[in-house]
Amino acid sequence: PASVFYKTDGIARVFDFGIGELIPATQKPSVYASPEAGAADKSGDIFSAAVIAYELLSGRHPFAGEPATTGSSAPARIFSLMPGTWRALAQALALTPYERTASLQEFLSGLPKP
């Protein structure tokens with residue numbers, strides 16, 4: 001979330017892609033990182049985007065403000081969401097990369113359109 005900036009035109013911009021690879025793991029803010037945080041790939045980025053989306057849609061962090069680990073429980077369902085929206089969010093929050101949404105486009109296609 002610290003890398004998301006809004007311009008005066010209301011469009012969000014994301015900065016710092018890849019910066020996490022330059023920061024030692026002990027210094028990384030990890031509550032938005034995927035359980036496999038050491039591997040920088042698109043699957044981890046999808047997970048991080050889903051954590052932010054979950055917070056925006058529910059007002060709370062999906063893992064109670066703690067880093068997700070392979071032993072974490074699945075996030076609580078947000079019952080106010082349409083079933084398809086919840087399905088897209090839950091799949092993007094899968095704790096193992098092979099169960100996670102394959103692409104950001106696939107994740108976004110399941111979210112409501114403005």
# chains A, B, ... in the order shown; residues from 1 in each chain; ligands from 1
>>> residues_around(residues="Ser34 (chain A)", least_positions_apart="6", cutoff="12 Å", atoms="only C-alpha atoms", output="count of residues only")
28
>>> atom_distance(atom1="CA of Lys7 (chain A)", atom2="CA of Thr101 (chain A)")
28.9 Å
>>> atom_distance(atom1="CA of Gly71 (chain A)", atom2="CA of Leu89 (chain A)")
19.0 Å
>>> closest_residue(among="A:Ile11, A:Leu104, A:Leu111, A:Ile78", to="Glu55 (chain A)", atoms="only C-alpha atoms")
A:Ile78
>>> residues_around(residues="Trp86 (chain A)", least_positions_apart="3", cutoff="12 Å", atoms="only C-alpha atoms", output="ChimeraX atom specification")
/A:50,53-54,57-58,75-83,89-93,107-108,110-112
>>> write_last_selection(atoms="N, CA and C atoms", output="tab-separated table (two decimals), in the first residue's frame")
chain	number	residue	atom	x	y	z
A	50	ALA	N	-4.14	-8.98	-3.79
A	50	ALA	CA	-5.36	-9.53	-3.18
A	50	ALA	C	-5.44	-9.16	-1.70
A	53	ALA	N	-6.70	-5.66	-1.78
A	53	ALA	CA	-8.11	-5.66	-2.16
A	53	ALA	C	-8.99	-6.13	-1.00
A	54	TYR	N	-8.56	-7.17	-0.29
A	54	TYR	CA	-9.31	-7.68	0.86
A	54	TYR	C	-9.48	-6.58	1.90
A	57	LEU	N	-11.95	-3.95	0.72
A	57	LEU	CA	-13.33	-4.43	0.68
A	57	LEU	C	-13.90	-4.76	2.06
A	58	SER	N	-13.04	-5.06	3.02
A	58	SER	CA	-13.54	-5.48	4.33
A	58	SER	C	-13.17	-4.54	5.48
A	75	PRO	N	-8.35	-16.72	4.94
A	75	PRO	CA	-9.02	-15.52	5.43
A	75	PRO	C	-10.52	-15.73	5.57
A	76	ALA	N	-11.11	-15.02	6.51
A	76	ALA	CA	-12.56	-15.10	6.70
A	76	ALA	C	-13.27	-14.57	5.46
A	77	ARG	N	-14.34	-15.25	5.08
A	77	ARG	CA	-15.11	-14.83	3.90
A	77	ARG	C	-15.75	-13.48	4.18
A	78	ILE	N	-15.81	-12.66	3.15
A	78	ILE	CA	-16.51	-11.38	3.22
A	78	ILE	C	-17.89	-11.63	2.62
A	79	PHE	N	-18.88	-11.79	3.49
A	79	PHE	CA	-20.20	-12.21	3.04
A	79	PHE	C	-20.95	-11.14	2.26
A	80	SER	N	-20.52	-9.89	2.37
A	80	SER	CA	-21.20	-8.82	1.63
A	80	SER	C	-20.82	-8.80	0.15
A	81	LEU	N	-19.84	-9.61	-0.24
A	81	LEU	CA	-19.41	-9.65	-1.64
A	81	LEU	C	-20.25	-10.62	-2.45
A	82	MET	N	-20.40	-10.32	-3.71
A	82	MET	CA	-21.05	-11.25	-4.63
A	82	MET	C	-20.21	-12.53	-4.66
A	83	PRO	N	-20.82	-13.70	-4.86
A	83	PRO	CA	-20.07	-14.96	-4.85
A	83	PRO	C	-18.88	-14.97	-5.81
A	89	LEU	N	-11.27	-13.30	-5.16
A	89	LEU	CA	-10.41	-12.84	-4.08
A	89	LEU	C	-9.81	-14.01	-3.32
A	90	ALA	N	-10.62	-15.00	-3.00
A	90	ALA	CA	-10.13	-16.17	-2.26
A	90	ALA	C	-9.07	-16.93	-3.06
A	91	GLN	N	-9.26	-17.06	-4.36
A	91	GLN	CA	-8.28	-17.79	-5.18
A	91	GLN	C	-6.96	-17.02	-5.24
A	92	ALA	N	-7.04	-15.70	-5.32
A	92	ALA	CA	-5.81	-14.90	-5.36
A	92	ALA	C	-5.08	-14.92	-4.02
A	93	LEU	N	-5.80	-15.22	-2.94
A	93	LEU	CA	-5.20	-15.31	-1.61
A	93	LEU	C	-4.78	-16.72	-1.23
A	107	PHE	N	-7.43	-12.33	-12.05
A	107	PHE	CA	-7.88	-11.83	-10.75
A	107	PHE	C	-8.81	-10.63	-10.94
A	108	LEU	N	-8.37	-9.66	-11.73
A	108	LEU	CA	-9.15	-8.44	-11.93
A	108	LEU	C	-10.49	-8.71	-12.63
A	110	GLY	N	-12.48	-11.03	-12.11
A	110	GLY	CA	-13.46	-11.50	-11.14
A	110	GLY	C	-13.95	-10.43	-10.19
A	111	LEU	N	-13.30	-9.25	-10.22
A	111	LEU	CA	-13.69	-8.16	-9.33
A	111	LEU	C	-14.75	-7.28	-9.99
A	112	PRO	N	-15.57	-6.61	-9.18
A	112	PRO	CA	-16.62	-5.75	-9.76
A	112	PRO	C	-16.02	-4.60	-10.57
